[in-house]
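What follows is the content of protein-v9.tsv (TSV, C-alpha atoms and all ligand atoms).
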chain	number	residue	atom	x	y	z
A	22	MET	CA	0.00	0.00	0.00
A	23	ARG	CA	1.19	3.50	-0.86
A	24	PRO	CA	-0.26	6.54	0.96
A	25	TYR	CA	-2.22	7.51	-2.18
A	26	HIS	CA	-4.12	4.19	-2.05
A	27	GLN	CA	-6.16	5.61	0.86
A	28	ILE	CA	-7.85	7.98	-1.61
A	29	PRO	CA	-11.36	6.81	-2.53
A	30	ILE	CA	-12.15	6.38	-6.23
A	31	PHE	CA	-15.49	7.57	-7.60
A	32	GLU	CA	-15.26	6.44	-11.24
A	33	CYS	CA	-16.68	9.12	-13.55
A	34	GLY	CA	-17.03	6.86	-16.59
A	35	GLU	CA	-15.19	9.17	-18.97
A	36	PRO	CA	-14.05	7.25	-22.06
A	37	ILE	CA	-10.47	6.25	-22.70
A	38	ILE	CA	-9.61	7.24	-26.27
A	39	ALA	CA	-6.70	7.28	-28.72
A	40	ILE	CA	-4.17	10.08	-28.20
A	41	PRO	CA	-3.89	12.26	-31.33
A	42	LEU	CA	-0.25	11.26	-31.81
A	43	GLU	CA	0.25	13.66	-34.71
A	44	LEU	CA	0.17	16.54	-32.18
A	45	PHE	CA	3.03	15.15	-30.11
A	46	ALA	CA	6.40	13.47	-30.46
A	47	VAL	CA	6.29	9.75	-29.68
A	48	GLU	CA	8.96	7.31	-28.50
A	49	SER	CA	9.07	4.72	-31.25
A	50	PRO	CA	8.98	1.75	-31.21
A	51	HIS	CA	7.01	1.72	-27.98
A	52	PRO	CA	9.51	0.80	-25.22
A	53	TYR	CA	7.44	-1.97	-23.60
A	54	GLU	CA	5.91	-3.39	-26.79
A	55	LYS	CA	9.52	-3.74	-27.98
A	56	LEU	CA	10.20	-5.97	-24.97
A	57	GLY	CA	7.21	-8.19	-25.79
A	58	ALA	CA	4.79	-6.83	-23.17
A	59	PRO	CA	1.34	-8.49	-23.50
A	60	TYR	CA	-0.91	-5.71	-24.84
A	61	SER	CA	-3.13	-8.19	-26.80
A	62	ASP	CA	-5.60	-5.92	-28.64
A	63	ARG	CA	-4.95	-2.83	-26.46
A	64	SER	CA	-2.73	0.15	-27.31
A	65	PRO	CA	-0.45	2.06	-24.92
A	66	TYR	CA	-1.37	5.30	-26.73
A	67	TYR	CA	-4.76	5.74	-25.01
A	68	LEU	CA	-5.76	8.15	-22.23
A	69	ARG	CA	-8.96	9.49	-20.67
A	70	GLN	CA	-10.51	12.15	-22.88
A	71	SER	CA	-9.89	15.11	-20.59
A	72	VAL	CA	-6.38	13.94	-19.74
A	73	ILE	CA	-5.62	14.28	-23.45
A	74	GLU	CA	-7.06	17.82	-23.34
A	75	ASN	CA	-4.77	18.61	-20.40
A	76	LEU	CA	-1.79	17.24	-22.32
A	77	ILE	CA	-2.60	19.44	-25.32
A	78	GLN	CA	-2.85	22.40	-22.95
A	79	ALA	CA	0.58	21.54	-21.48
A	80	GLN	CA	2.09	21.51	-24.96
A	81	ASN	CA	0.46	24.87	-25.72
A	82	TYR	CA	2.10	26.31	-22.58
A	83	LEU	CA	5.40	24.81	-23.69
A	84	ASN	CA	5.04	26.47	-27.11
A	85	LEU	CA	4.56	29.91	-25.55
A	86	LEU	CA	8.08	29.52	-24.16
A	87	HIS	CA	9.61	27.33	-26.88
A	88	PRO	CA	7.76	27.42	-30.22
A	89	ASN	CA	7.96	24.06	-32.03
A	90	TRP	CA	9.18	22.07	-29.05
A	91	ARG	CA	7.07	18.99	-28.42
A	92	ILE	CA	6.04	16.85	-25.49
A	93	GLN	CA	7.30	13.33	-26.26
A	94	ILE	CA	5.05	10.49	-25.11
A	95	PHE	CA	6.96	7.52	-23.70
A	96	ASP	CA	4.01	5.60	-22.24
A	97	ALA	CA	0.36	6.13	-21.34
A	98	TYR	CA	-2.30	3.41	-20.82
A	99	ARG	CA	-0.88	0.21	-19.35
A	100	PRO	CA	-3.06	-2.90	-18.86
A	101	ILE	CA	-2.45	-4.63	-15.49
A	102	ALA	CA	-0.90	-7.61	-17.34
A	103	VAL	CA	1.67	-5.21	-18.82
A	104	GLN	CA	2.34	-3.69	-15.37
A	105	GLN	CA	3.03	-7.26	-14.14
A	106	PHE	CA	5.28	-7.96	-17.13
A	107	MET	CA	7.30	-4.76	-16.57
A	108	VAL	CA	7.69	-5.39	-12.83
A	109	ASP	CA	8.97	-8.93	-13.54
A	110	TYR	CA	11.19	-7.68	-16.36
A	111	SER	CA	12.68	-4.94	-14.14
A	112	PHE	CA	13.35	-7.45	-11.36
A	113	ALA	CA	15.16	-9.79	-13.79
A	114	GLN	CA	17.11	-6.85	-15.22
A	115	ALA	CA	18.14	-5.66	-11.75
A	116	VAL	CA	19.35	-9.19	-10.86
A	117	GLN	CA	21.43	-9.27	-14.05
A	118	ASP	CA	22.81	-5.72	-13.49
A	119	ARG	CA	24.12	-6.88	-10.11
A	120	GLY	CA	25.97	-9.77	-11.78
A	121	LEU	CA	23.70	-12.31	-10.06
A	122	THR	CA	21.30	-15.06	-11.14
A	123	GLU	CA	17.85	-15.48	-9.66
A	124	VAL	CA	18.43	-18.99	-8.22
A	125	GLU	CA	21.43	-17.87	-6.15
A	126	LEU	CA	19.74	-14.84	-4.53
A	127	SER	CA	19.76	-14.76	-0.73
A	128	PRO	CA	16.49	-13.66	0.94
A	129	ASN	CA	18.14	-10.30	1.72
A	130	GLN	CA	19.31	-9.78	-1.84
A	131	ARG	CA	15.84	-10.70	-3.15
A	132	GLN	CA	14.20	-8.24	-0.77
A	133	GLU	CA	16.64	-5.44	-1.64
A	134	ILE	CA	15.97	-5.90	-5.36
A	135	TRP	CA	12.18	-6.02	-4.92
A	136	GLU	CA	12.38	-2.82	-2.87
A	137	ALA	CA	14.36	-1.13	-5.67
A	138	VAL	CA	11.78	-2.30	-8.24
A	139	TYR	CA	8.84	-1.02	-6.21
A	140	GLU	CA	10.62	2.32	-5.62
A	141	ILE	CA	9.57	3.24	-9.14
A	142	TRP	CA	7.00	0.67	-10.30
A	143	ALA	CA	3.49	0.45	-8.90
A	144	VAL	CA	2.29	-2.96	-7.69
A	145	PRO	CA	0.29	-4.74	-10.45
A	146	SER	CA	-2.75	-4.92	-8.18
A	147	TRP	CA	-6.06	-6.40	-9.38
A	148	ASP	CA	-7.86	-4.85	-6.39
A	149	GLU	CA	-10.10	-2.11	-7.82
A	150	LYS	CA	-9.34	0.10	-4.80
A	151	THR	CA	-5.61	0.13	-5.57
A	152	PRO	CA	-5.16	0.21	-9.37
A	153	PRO	CA	-1.72	0.84	-10.90
A	154	PRO	CA	-1.82	4.52	-12.03
A	155	HIS	CA	-1.26	3.78	-15.73
A	156	SER	CA	-4.10	1.22	-15.74
A	157	THR	CA	-6.57	4.06	-15.09
A	158	GLY	CA	-5.79	5.94	-18.33
A	159	ALA	CA	-4.91	8.99	-16.22
A	160	ALA	CA	-1.11	8.71	-16.07
A	161	VAL	CA	1.44	9.49	-18.74
A	162	ASP	CA	5.24	9.28	-18.94
A	163	VAL	CA	6.70	12.13	-20.96
A	164	THR	CA	9.82	14.08	-21.85
A	165	LEU	CA	10.60	16.99	-24.20
A	166	VAL	CA	12.02	17.30	-27.70
A	167	ASP	CA	13.34	20.55	-29.17
A	168	ASP	CA	12.56	22.26	-32.50
A	169	ALA	CA	15.25	20.14	-34.19
A	170	ALA	CA	13.46	16.97	-32.94
A	171	GLN	CA	16.31	16.27	-30.50
A	172	ILE	CA	15.38	14.72	-27.15
A	173	ILE	CA	16.15	17.11	-24.30
A	174	ASN	CA	18.67	15.62	-21.88
A	175	MET	CA	17.09	15.34	-18.42
A	176	GLY	CA	20.19	13.82	-16.83
A	177	SER	CA	18.84	10.27	-16.51
A	178	PRO	CA	16.80	7.94	-18.70
A	179	ILE	CA	13.11	7.26	-18.09
A	180	ASP	CA	12.60	4.20	-15.83
A	181	GLU	CA	16.09	4.25	-14.31
A	182	MET	CA	15.95	2.65	-10.85
A	183	SER	CA	18.08	5.20	-9.01
A	184	GLU	CA	17.85	8.47	-7.13
A	185	ARG	CA	18.65	10.30	-10.36
A	186	SER	CA	14.99	9.74	-11.25
A	187	HIS	CA	13.84	12.07	-8.44
A	188	PRO	CA	12.64	15.31	-10.07
A	189	ASP	CA	14.88	17.52	-7.89
A	190	TYR	CA	17.93	15.25	-7.95
A	191	TYR	CA	20.07	17.87	-9.73
A	192	ALA	CA	18.72	20.89	-7.82
A	193	ASN	CA	21.74	21.39	-5.58
A	194	PHE	CA	24.62	20.38	-7.84
A	195	ASP	CA	27.12	23.18	-8.32
A	196	HIS	CA	27.85	22.18	-11.92
A	197	GLN	CA	26.65	23.83	-15.12
A	198	GLN	CA	25.49	20.61	-16.81
A	199	ALA	CA	23.57	19.49	-13.72
A	200	GLN	CA	21.90	22.91	-13.54
A	201	LYS	CA	20.81	22.47	-17.15
A	202	TYR	CA	19.21	19.09	-16.34
A	203	HIS	CA	17.41	20.70	-13.43
A	204	THR	CA	16.17	23.58	-15.59
A	205	HIS	CA	14.83	21.10	-18.18
A	206	ARG	CA	13.04	19.04	-15.51
A	207	GLN	CA	11.58	22.23	-14.09
A	208	LEU	CA	10.35	23.32	-17.52
A	209	LEU	CA	8.60	19.96	-18.04
A	210	GLY	CA	7.11	20.11	-14.54
A	211	ASP	CA	5.98	23.72	-14.93
A	212	VAL	CA	4.03	23.19	-18.16
A	213	MET	CA	2.46	19.94	-16.95
A	214	LEU	CA	1.47	21.33	-13.54
A	215	LYS	CA	0.09	24.50	-15.16
A	216	ALA	CA	-2.16	22.22	-17.23
A	217	GLY	CA	-3.49	20.49	-14.09
A	218	PHE	CA	-1.19	17.47	-13.75
A	219	GLN	CA	0.71	16.38	-10.66
A	220	ARG	CA	4.17	14.83	-10.86
A	221	ASN	CA	5.22	11.63	-9.11
A	222	PRO	CA	7.75	12.82	-6.48
A	223	ARG	CA	10.00	9.85	-7.38
A	224	GLU	CA	10.01	10.18	-11.18
A	225	TRP	CA	10.72	13.30	-13.26
A	226	TRP	CA	8.72	11.87	-16.22
A	227	HIS	CA	5.50	10.55	-14.59
A	228	PHE	CA	2.44	12.82	-14.48
A	229	SER	CA	-1.24	12.20	-13.87
A	230	VAL	CA	-4.54	13.96	-13.43
A	231	GLY	CA	-7.67	12.60	-11.75
A	232	ASP	CA	-6.20	9.37	-10.33
A	233	GLN	CA	-5.42	8.48	-6.71
A	234	MET	CA	-1.82	9.77	-6.84
A	235	TRP	CA	-2.99	13.08	-8.31
A	236	ALA	CA	-5.67	13.48	-5.60
A	237	TRP	CA	-3.23	12.58	-2.82
A	238	LEU	CA	-0.63	15.09	-4.06
A	239	ASN	CA	-3.31	17.77	-4.40
A	240	ASN	CA	-4.47	17.11	-0.85
A	241	GLN	CA	-0.90	17.32	0.46
A	242	SER	CA	-0.47	20.83	-0.92
A	243	ASN	CA	-4.07	21.96	-0.42
A	244	PRO	CA	-5.52	20.13	2.62
A	245	ALA	CA	-8.33	22.70	3.00
A	246	ASN	CA	-9.92	21.53	-0.26
A	247	PRO	CA	-9.52	17.75	-0.42
A	248	VAL	CA	-10.40	15.91	-3.64
A	249	ILE	CA	-10.94	12.24	-4.45
A	250	ALA	CA	-9.98	10.24	-7.55
A	251	ARG	CA	-12.36	10.24	-10.53
A	252	TYR	CA	-10.56	7.55	-12.55
A	253	GLY	CA	-10.31	3.90	-11.56
A	254	ARG	CA	-8.83	1.01	-13.50
A	255	VAL	CA	-9.77	0.35	-17.12
A	256	LEU	CA	-9.67	-3.35	-18.02
B	301	LIG	C1	8.39	3.15	-13.77
B	301	LIG	C2	7.50	4.11	-14.46
B	301	LIG	N1	7.42	3.87	-15.86
B	301	LIG	C3	6.11	4.24	-13.86
B	301	LIG	O1	5.18	4.37	-14.59
B	301	LIG	N2	6.01	4.23	-12.51
B	301	LIG	C4	4.73	4.36	-11.88
B	301	LIG	C5	4.81	4.61	-10.42
B	301	LIG	C6	3.86	3.19	-12.17
B	301	LIG	O2	4.32	2.05	-12.27
B	301	LIG	O3	2.63	3.43	-12.24
B	302	ZN	ZN	4.47	6.51	-15.25

Please render this file's structure as structure tokens.
Amino acid sequence: MRPYHQIPIFECGEPIIAIPLELFAVESPHPYEKLGAPYSDRSPYYLRQSVIENLIQAQNYLNLLHPNWRIQIFDAYRPIAVQQFMVDYSFAQAVQDRGLTEVELSPNQRQEIWEAVYEIWAVPSWDEKTPPPHSTGAAVDVTLVDDAAQIINMGSPIDEMSERSHPDYYANFDHQQAQKYHTHRQLLGDVMLKAGFQRNPREWWHFSVGDQMWAWLNNQSNPANPVIARYGRVL
């Protein structure tokens, strides 16, 4: 359980629809489809209707500051089976990165690796009170590309399991390059938050609106006006 799982969900029934990809930049091929994630007949490029409107708004704010820059979509809707696949994949990858094999893991090593995985991945829960954020169609993983279609360097890749993923990781580095990364992360955060999103405090790329994490973050900064989640899981 994460603290945001205490937030009640009152599903509003808004449809989940295809993102108009021509308006955005898109990571291609899709990073999890490339790994063989089981989407069956579903597409990762779907979001709730008004979440798409918020994303268009964010890009409009971006273009006031940087004409012709684009928000690049890395991932959006994620069926629970895909969440499970990515959690298992990330565990296996983390075992390999440590030069280990799964059969030889001690209980402590196993626990340490699972903790690292769940630092950044949500549990693939089938309980409708605790859906993984991306399975609600309200969460999106994004970065920025400039007017020459070059990906903006944020100082760490999306999905890295390390502290570099924290949005403010580079805030206090006394180094010009690190300050640039921080400025880029701030720019992404500013345009997304201005459009109504909240950012996952552990991941510079993960934003959502209307889900449990969004409501919890809203309530942390504005306890006088608490909100609940309007989007639950979409199967
Ligand atoms: C790991 C990243 N792609 C992500 O989406 N993390 C959040 C917390 C999730 O799994 O929902
Ligand atoms: Zn995400």

Around all of ligand LIG 301 (chain B)'s listed atoms, make the axis-aligned box with 8 Å on each side and tell me centre and edge lengths in Å to one decimal, as AutoDock Vina command-line options.
--center_x 5.5 --center_y 3.3 --center_z -13.1 --size_x 21.8 --size_y 18.6 --size_z 21.4

Test item: residues at most 12 Å from Asp62 of chain A, only C-alpha atoms, excluding those fewer than 4 positions along its chain, as a PyMOL selection string = chain A and resi 54+58+100+256

ask   = Which polymer residues have any atom within 10 Å of an atom of Met107 of chain A, counting all atoms listed in the file, with same-chain residues fewer than 5 positions away left out, as a list in words?
value =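 Answer for this query is Tyr53, Leu56, Gly57, Ala58, Pro59, Arg99, Ile101, Ala102, Phe112, Ala113, Val138, Trp142 and Pro145 of chain A.
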
inquiry  = Let me see if you get this right: every residue at most 6 Å from ligand LIG 301 (chain B), counting all atoms listed in the file, written as a VMD selection string.
reply    = chain A and resid 141 to 143 153 to 155 180

Please build the interface table for chain A against ligand ZN 302 (chain B) with a cut-off of 7 Å, listing for each qualifying residue the nearest atom pair and the distance in Å to one decimal; count only C-alpha atoms and all ligand atoms, order rows by chain and increasing number, and write it as a tab-separated table.
residue	atom	partner	partner_atom	distance
A:His155	CA	B:ZN302	ZN	6.4
A:Ala160	CA	B:ZN302	ZN	6.1
A:Val161	CA	B:ZN302	ZN	5.5
A:Asp162	CA	B:ZN302	ZN	4.7
A:Trp226	CA	B:ZN302	ZN	6.9
A:His227	CA	B:ZN302	ZN	4.2
A:Phe228	CA	B:ZN302	ZN	6.7

request  = Rank A:Arg119, A:Arg91, A:Arg23, A:Arg131 by their smallest atom-to-atom distance to Val47 of chain A, using all atoms listed in the file, and report the top residue only.
outcome  =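 Between A:Arg119, A:Arg91, A:Arg23, A:Arg131, the residue approaching Val47 of chain A most closely is A:Arg91.
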
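Nearest residue to Ile179 of chain A, choosing from A:Asp232, A:Val166, A:Ala250, A:Pro52 and counting only C-alpha atoms: A:Pro52.
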
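Distances from A:Gly253, A:Pro29, A:Gly217, A:Pro24 to Thr157 of chain A were compared using only C-alpha atoms, and the smallest one belongs to A:Gly253.
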
query = From the set A:Tyr202, A:Glu184, A:Leu44, A:Glu32, which residue has the shortest atom-to-atom contact distance to Leu76 of chain A, counting all atoms listed in the file?
reply = A:Leu44

query = Nearest to Leu209 of chain A among A:Trp235, A:Tyr66, A:Phe95, A:Trp225, with distances taken over all atoms listed in the file: which residue is it?
reply =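 Among the listed residues, the smallest separation from Leu209 of chain A belongs to A:Trp225.
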
remark   = Separating atom CA of Met213 of chain A from atom CA of Ala79 of chain A, to the nearest tenth of an Å, is a gap of 5.2 Å

inquiry  = When you count only C-alpha atoms, which of these residues is closest to Ser186 of chain A: A:Gln132, A:Glu149, A:Gln114, A:His203?
reply    =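 Ranking A:Gln132, A:Glu149, A:Gln114, A:His203 by distance to Ser186 of chain A, first place goes to A:His203.
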
ask   = How far is it from atom CA of Glu224 of chain A to atom CA of Pro188 of chain A, in Å with one decimal?
value = 5.9 Å
